[in-house]
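**Student:** For reference, this is entry10.cif, and it has mmCIF, C-alpha atoms and all ligand atoms.
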data_model
#
loop_
_atom_site.label_atom_id
_atom_site.label_comp_id
_atom_site.auth_asym_id
_atom_site.auth_seq_id
_atom_site.Cartn_x
_atom_site.Cartn_y
_atom_site.Cartn_z
CA MET A 363 11.24 -17.30 11.11
CA TRP A 364 8.90 -18.82 8.55
CA SER A 365 9.97 -21.05 5.72
CA GLN A 366 9.32 -20.39 2.08
CA ARG A 367 7.91 -23.22 -0.01
CA ALA A 368 7.49 -23.83 -3.71
CA VAL A 369 9.86 -20.99 -4.55
CA VAL A 370 9.87 -19.83 -8.18
CA ASP A 371 12.78 -17.59 -9.14
CA TYR A 372 12.11 -15.43 -12.19
CA GLY A 373 15.72 -14.27 -12.48
CA LEU A 374 16.28 -16.19 -15.69
CA ALA A 375 13.22 -14.73 -17.41
CA LYS A 376 14.21 -11.31 -16.14
CA ARG A 377 17.72 -11.56 -17.53
CA ALA A 378 16.30 -12.77 -20.86
CA THR A 379 14.04 -9.71 -20.99
CA VAL A 380 16.93 -7.36 -20.24
CA ARG A 381 19.06 -9.09 -22.87
CA SER A 382 16.38 -8.78 -25.53
CA LEU A 383 16.06 -5.10 -24.67
CA ARG A 384 19.83 -4.63 -25.09
CA THR A 385 19.81 -6.38 -28.45
CA GLY A 386 16.85 -4.36 -29.65
CA ARG A 387 14.38 -7.23 -29.89
CA THR A 388 12.24 -5.66 -27.19
CA SER A 389 11.52 -1.98 -26.95
CA PHE A 390 11.92 0.15 -23.87
CA ASP A 391 8.17 0.83 -23.91
CA ASP A 392 7.43 -2.88 -23.69
CA VAL A 393 9.34 -3.46 -20.48
CA CYS A 394 9.26 -0.09 -18.74
CA ASP A 395 5.50 0.01 -18.58
CA ALA A 396 4.77 -0.09 -14.85
CA HIS A 397 1.14 0.74 -14.23
CA PRO A 398 0.62 3.98 -12.28
CA TYR A 399 -0.88 1.88 -9.51
CA LEU A 400 2.27 -0.24 -9.31
CA LEU A 401 4.49 2.84 -9.26
CA ARG A 402 2.40 4.30 -6.48
CA ALA A 403 2.60 1.02 -4.55
CA ALA A 404 6.38 1.05 -4.98
CA ARG A 405 6.58 4.60 -3.70
CA PHE A 406 4.40 4.18 -0.63
CA HIS A 407 4.56 0.49 0.25
CA GLY A 408 7.63 -0.80 -1.54
CA GLU A 409 10.84 -1.92 0.09
CA ALA A 410 14.09 -0.42 -1.06
CA THR A 411 16.83 -2.72 -2.31
CA ASP A 412 20.49 -2.11 -3.02
CA ARG A 413 20.24 -3.52 -6.52
CA PRO A 414 20.41 -1.06 -9.40
CA CYS A 415 17.74 -1.12 -12.08
CA PRO A 416 18.96 -3.42 -14.88
CA VAL A 417 17.58 -1.05 -17.50
CA CYS A 418 18.45 2.53 -16.55
CA GLU A 419 21.07 1.69 -13.86
CA ARG A 420 20.37 5.05 -12.26
CA GLN A 421 18.08 4.00 -9.44
CA ASN A 422 17.81 0.96 -7.23
CA VAL A 423 14.76 -1.19 -7.78
CA THR A 424 12.01 -1.31 -5.18
CA HIS A 425 10.30 -4.55 -4.22
CA VAL A 426 6.51 -4.61 -4.13
CA THR A 427 5.00 -7.70 -2.53
CA TYR A 428 1.53 -9.02 -3.34
CA VAL A 429 -0.32 -11.87 -1.66
CA TYR A 430 -2.83 -14.31 -3.14
CA GLY A 431 -4.65 -17.23 -1.58
CA ASP A 432 -8.11 -18.70 -1.01
CA GLU A 433 -8.04 -18.00 2.71
CA LEU A 434 -7.05 -14.36 2.49
CA GLY A 435 -10.47 -12.88 1.82
CA ARG A 436 -10.20 -9.16 1.23
CA SER A 437 -6.42 -9.22 1.55
CA VAL A 438 -6.13 -10.96 -1.83
CA GLY A 439 -4.02 -8.97 -4.24
CA ARG A 440 -3.01 -6.51 -1.52
CA VAL A 441 0.45 -5.08 -1.17
CA LYS A 442 2.17 -6.33 1.98
CA SER A 443 5.41 -5.60 3.79
CA THR A 444 7.87 -8.24 4.89
CA SER A 445 6.75 -7.82 8.50
CA ASP A 446 3.11 -8.39 7.46
CA LEU A 447 4.18 -11.64 5.81
CA ALA A 448 5.63 -13.07 9.02
CA GLU A 449 2.38 -12.37 10.79
CA MET A 450 0.28 -13.79 7.97
CA ALA A 451 2.43 -16.92 7.81
CA ARG A 452 1.41 -17.68 11.37
CA GLU A 453 -2.24 -16.86 10.78
CA TYR A 454 -2.98 -18.63 7.47
CA ARG A 455 -2.37 -22.14 6.24
CA GLU A 456 -1.23 -21.27 2.77
CA PHE A 457 -0.90 -18.27 0.50
CA ARG A 458 1.33 -17.31 -2.37
CA VAL A 459 3.57 -14.28 -2.34
CA TYR A 460 4.66 -12.47 -5.51
CA VAL A 461 7.55 -10.04 -5.34
CA VAL A 462 7.74 -7.57 -8.21
CA GLU A 463 10.76 -5.36 -8.72
CA VAL A 464 9.96 -1.85 -9.88
CA CYS A 465 12.20 1.01 -10.93
CA GLN A 466 10.64 4.30 -9.96
CA GLY A 467 12.97 6.06 -12.36
CA CYS A 468 12.24 4.39 -15.69
CA ALA A 469 9.16 2.29 -14.79
CA TRP A 470 10.91 -1.03 -15.41
CA ASN A 471 8.98 -3.81 -13.69
CA HIS A 472 9.39 -7.56 -13.58
CA LEU A 473 8.35 -10.42 -11.36
CA ALA A 474 11.37 -11.30 -9.20
CA VAL A 475 10.29 -14.30 -7.16
CA SER A 476 7.20 -16.01 -5.83
CA PHE A 477 6.79 -18.46 -2.99
CA VAL A 478 4.25 -20.05 -0.70
CA LEU A 479 3.98 -19.22 2.99
CA GLY A 480 1.73 -20.39 5.77
CA ASN A 481 1.52 -22.68 8.75
CA GLY A 482 -0.04 -25.54 6.77
CA ASP A 483 1.58 -28.72 5.54
CA PRO A 484 4.01 -28.40 2.67
CA PRO A 485 2.18 -28.86 -0.63
CA THR A 486 2.52 -32.35 -2.00
CA GLU A 487 3.80 -32.73 -5.53
CA SER A 488 1.20 -34.29 -7.73
ZN ZN A 501 15.20 2.00 -14.21
#
Produce structure tokens that represent the structure in this file.
**Tutor:**
Amino acid sequence: MWSQRAVVDYGLAKRATVRSLRTGRTSFDDVCDAHPYLLRAARFHGEATDRPCPVCERQNVTHVTYVYGDELGRSVGRVKSTSDLAEMAREYREFRVYVVEVCQGCAWNHLAVSFVLGNGDPPTES
């Protein structure tokens, strides 16, 4: 199994967004605005979760995973599955993974987590 580095959890920002929606400071249209491309990615390449959508609570959110990195060439910005990631982590030194949660029911979407994978040395803090 590979190890995740430089993990950024967006749970706090996500909860703040949901809270501001509940209190009326943010409108439904502002947060449930998934691009048709993202919704399509969720439908065909996304990975189901058992966590209900925090907005509509009717459907479980789907995770869509994107990869970015200098070494990736034409894979940059592509949607990948978890099994692709394991393979890529062996092949590349370093790339960053962004996991977006998407509700296919109400179009809620928010960054869930991002992390660095790869067989290179851990990034040094500077
Ligand atoms: Zn929803």
**Student:** Counting all atoms listed in the file, name the residues that have an atom within 8 Å of an atom of ligand ZN 501 (chain A); the answer should be given as a compact mmCIF listing (two decimals) with C-alpha atoms, keeping the file's coordinate frame.
**Tutor:**
# COMPACT_ATOMS: atom_id res chain seq x y z
CA CYS A 394 9.26 -0.09 -18.74
CA PRO A 414 20.41 -1.06 -9.40
CA CYS A 415 17.74 -1.12 -12.08
CA PRO A 416 18.96 -3.42 -14.88
CA VAL A 417 17.58 -1.05 -17.50
CA CYS A 418 18.45 2.53 -16.55
CA GLU A 419 21.07 1.69 -13.86
CA ARG A 420 20.37 5.05 -12.26
CA GLN A 421 18.08 4.00 -9.44
CA ASN A 422 17.81 0.96 -7.23
CA VAL A 423 14.76 -1.19 -7.78
CA VAL A 464 9.96 -1.85 -9.88
CA CYS A 465 12.20 1.01 -10.93
CA GLN A 466 10.64 4.30 -9.96
CA GLY A 467 12.97 6.06 -12.36
CA CYS A 468 12.24 4.39 -15.69
CA ALA A 469 9.16 2.29 -14.79
CA TRP A 470 10.91 -1.03 -15.41
**Student:** Please determine, counting all atoms listed in the file, which residue among A:His472, A:Glu456, A:Gly482, A:Ala404 has the shortest atom-to-atom distance to Asp392 of chain A.
**Tutor:**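 Residue with the minimum atom-to-atom distance to Asp392 of chain A: A:His472.
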**Student:** Skipping near chain neighbours, those fewer than 2 positions away, what residues fall within 7 Å of segment 368-382 of chain A using all atoms listed in the file, listed as a PyMOL selection string?
**Tutor:** chain A and resi 366+384-388+416-417+472-478
**Student:** Let me see the file: selected residues, C-alpha atoms, as an mmCIF file, in the coordinates of the input.
**Tutor:**
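Output saved as again-v7.cif:
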data_model
loop_
_atom_site.group_PDB
_atom_site.id
_atom_site.type_symbol
_atom_site.label_atom_id
_atom_site.label_comp_id
_atom_site.auth_asym_id
_atom_site.auth_seq_id
_atom_site.Cartn_x
_atom_site.Cartn_y
_atom_site.Cartn_z
ATOM 1 C CA GLN A 366 9.320 -20.390 2.080
ATOM 2 C CA ARG A 384 19.830 -4.630 -25.090
ATOM 3 C CA THR A 385 19.810 -6.380 -28.450
ATOM 4 C CA GLY A 386 16.850 -4.360 -29.650
ATOM 5 C CA ARG A 387 14.380 -7.230 -29.890
ATOM 6 C CA THR A 388 12.240 -5.660 -27.190
ATOM 7 C CA PRO A 416 18.960 -3.420 -14.880
ATOM 8 C CA VAL A 417 17.580 -1.050 -17.500
ATOM 9 C CA HIS A 472 9.390 -7.560 -13.580
ATOM 10 C CA LEU A 473 8.350 -10.420 -11.360
ATOM 11 C CA ALA A 474 11.370 -11.300 -9.200
ATOM 12 C CA VAL A 475 10.290 -14.300 -7.160
ATOM 13 C CA SER A 476 7.200 -16.010 -5.830
ATOM 14 C CA PHE A 477 6.790 -18.460 -2.990
ATOM 15 C CA VAL A 478 4.250 -20.050 -0.700
#
**Student:** Just to confirm, what's the straight-line distance from atom CA of Asp412 of chain A to atom CA of Asp395 of chain A in Å (one decimal)?
**Tutor:**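 Going from atom CA of Asp412 of chain A over to atom CA of Asp395 of chain A covers 21.7 Å.
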**Student:** Please determine, counting all atoms listed in the file, which residue among A:His425, A:Arg458, A:Arg402, A:Arg452 has the shortest atom-to-atom distance to Ser437 of chain A.
**Tutor:** A:Arg458
**Student:** How would segment 456-467 of chain A read, as an mmCIF file, in the frame of the given file, once all heavy atoms are built in?
**Tutor:**
data_model
loop_
_atom_site.group_PDB
_atom_site.id
_atom_site.type_symbol
_atom_site.label_atom_id
_atom_site.label_comp_id
_atom_site.auth_asym_id
_atom_site.auth_seq_id
_atom_site.Cartn_x
_atom_site.Cartn_y
_atom_site.Cartn_z
ATOM 1 N N GLU A 456 -1.995 -21.318 4.021
ATOM 2 C CA GLU A 456 -1.230 -21.270 2.770
ATOM 3 C C GLU A 456 -1.637 -20.073 1.927
ATOM 4 O O GLU A 456 -2.819 -19.833 1.694
ATOM 5 C CB GLU A 456 -1.483 -22.560 1.989
ATOM 6 C CG GLU A 456 -0.577 -22.705 0.786
ATOM 7 C CD GLU A 456 -0.773 -24.052 0.102
ATOM 8 O OE1 GLU A 456 -0.668 -25.087 0.795
ATOM 9 O OE2 GLU A 456 -1.046 -24.060 -1.108
ATOM 10 N N PHE A 457 -0.657 -19.339 1.469
ATOM 11 C CA PHE A 457 -0.900 -18.270 0.500
ATOM 12 C C PHE A 457 0.366 -18.061 -0.311
ATOM 13 O O PHE A 457 1.458 -18.427 0.104
ATOM 14 C CB PHE A 457 -1.348 -16.971 1.196
ATOM 15 C CG PHE A 457 -0.355 -16.432 2.196
ATOM 16 C CD1 PHE A 457 0.556 -15.454 1.827
ATOM 17 C CD2 PHE A 457 -0.341 -16.892 3.500
ATOM 18 C CE1 PHE A 457 1.477 -14.950 2.744
ATOM 19 C CE2 PHE A 457 0.569 -16.392 4.428
ATOM 20 C CZ PHE A 457 1.472 -15.418 4.045
ATOM 21 N N ARG A 458 0.173 -17.515 -1.507
ATOM 22 C CA ARG A 458 1.330 -17.310 -2.370
ATOM 23 C C ARG A 458 1.715 -15.843 -2.403
ATOM 24 O O ARG A 458 0.853 -14.972 -2.419
ATOM 25 C CB ARG A 458 1.077 -17.836 -3.790
ATOM 26 C CG ARG A 458 2.315 -17.745 -4.683
ATOM 27 C CD ARG A 458 2.232 -18.614 -5.939
ATOM 28 N NE ARG A 458 2.674 -19.994 -5.753
ATOM 29 C CZ ARG A 458 3.964 -20.381 -5.782
ATOM 30 N NH1 ARG A 458 4.926 -19.520 -5.989
ATOM 31 N NH2 ARG A 458 4.263 -21.657 -5.604
ATOM 32 N N VAL A 459 3.014 -15.621 -2.377
ATOM 33 C CA VAL A 459 3.570 -14.280 -2.340
ATOM 34 C C VAL A 459 4.272 -14.012 -3.676
ATOM 35 O O VAL A 459 5.025 -14.872 -4.157
ATOM 36 C CB VAL A 459 4.600 -14.164 -1.184
ATOM 37 C CG1 VAL A 459 5.231 -12.785 -1.143
ATOM 38 C CG2 VAL A 459 3.951 -14.518 0.146
ATOM 39 N N TYR A 460 3.988 -12.863 -4.276
ATOM 40 C CA TYR A 460 4.660 -12.470 -5.510
ATOM 41 C C TYR A 460 5.433 -11.190 -5.226
ATOM 42 O O TYR A 460 4.860 -10.214 -4.735
ATOM 43 C CB TYR A 460 3.646 -12.197 -6.621
ATOM 44 C CG TYR A 460 2.939 -13.438 -7.102
ATOM 45 C CD1 TYR A 460 1.756 -13.850 -6.507
ATOM 46 C CD2 TYR A 460 3.470 -14.201 -8.142
ATOM 47 C CE1 TYR A 460 1.102 -15.002 -6.940
ATOM 48 C CE2 TYR A 460 2.831 -15.347 -8.576
ATOM 49 C CZ TYR A 460 1.650 -15.741 -7.974
ATOM 50 O OH TYR A 460 1.017 -16.878 -8.395
ATOM 51 N N VAL A 461 6.717 -11.226 -5.533
ATOM 52 C CA VAL A 461 7.550 -10.040 -5.340
ATOM 53 C C VAL A 461 7.893 -9.473 -6.716
ATOM 54 O O VAL A 461 8.495 -10.152 -7.546
ATOM 55 C CB VAL A 461 8.842 -10.374 -4.562
ATOM 56 C CG1 VAL A 461 9.678 -9.115 -4.367
ATOM 57 C CG2 VAL A 461 8.507 -11.016 -3.220
ATOM 58 N N VAL A 462 7.482 -8.234 -6.945
ATOM 59 C CA VAL A 462 7.740 -7.570 -8.210
ATOM 60 C C VAL A 462 8.797 -6.503 -7.978
ATOM 61 O O VAL A 462 8.724 -5.761 -6.997
ATOM 62 C CB VAL A 462 6.447 -6.879 -8.732
ATOM 63 C CG1 VAL A 462 6.694 -6.169 -10.068
ATOM 64 C CG2 VAL A 462 5.326 -7.904 -8.881
ATOM 65 N N GLU A 463 9.802 -6.451 -8.853
ATOM 66 C CA GLU A 463 10.760 -5.360 -8.720
ATOM 67 C C GLU A 463 10.351 -4.234 -9.657
ATOM 68 O O GLU A 463 9.952 -4.462 -10.800
ATOM 69 C CB GLU A 463 12.204 -5.815 -8.945
ATOM 70 C CG GLU A 463 12.547 -6.250 -10.346
ATOM 71 C CD GLU A 463 14.056 -6.475 -10.520
ATOM 72 O OE1 GLU A 463 14.674 -7.096 -9.642
ATOM 73 O OE2 GLU A 463 14.600 -6.033 -11.548
ATOM 74 N N VAL A 464 10.423 -3.028 -9.141
ATOM 75 C CA VAL A 464 9.960 -1.850 -9.880
ATOM 76 C C VAL A 464 11.029 -0.786 -9.802
ATOM 77 O O VAL A 464 11.605 -0.547 -8.740
ATOM 78 C CB VAL A 464 8.666 -1.289 -9.236
ATOM 79 C CG1 VAL A 464 8.147 -0.109 -10.048
ATOM 80 C CG2 VAL A 464 7.604 -2.359 -9.099
ATOM 81 N N CYS A 465 11.313 -0.147 -10.936
ATOM 82 C CA CYS A 465 12.200 1.010 -10.930
ATOM 83 C C CYS A 465 11.321 2.253 -10.991
ATOM 84 O O CYS A 465 10.541 2.417 -11.923
ATOM 85 C CB CYS A 465 13.153 0.981 -12.122
ATOM 86 S SG CYS A 465 14.147 2.488 -12.246
ATOM 87 N N GLN A 466 11.454 3.089 -9.985
ATOM 88 C CA GLN A 466 10.640 4.300 -9.960
ATOM 89 C C GLN A 466 11.189 5.367 -10.890
ATOM 90 O O GLN A 466 10.560 6.397 -11.126
ATOM 91 C CB GLN A 466 10.549 4.835 -8.531
ATOM 92 C CG GLN A 466 9.845 3.840 -7.615
ATOM 93 C CD GLN A 466 9.720 4.363 -6.201
ATOM 94 O OE1 GLN A 466 9.040 5.350 -5.960
ATOM 95 N NE2 GLN A 466 10.385 3.713 -5.261
ATOM 96 N N GLY A 467 12.389 5.115 -11.424
ATOM 97 C CA GLY A 467 12.970 6.060 -12.360
ATOM 98 C C GLY A 467 12.458 5.857 -13.767
ATOM 99 O O GLY A 467 11.930 6.774 -14.394
#
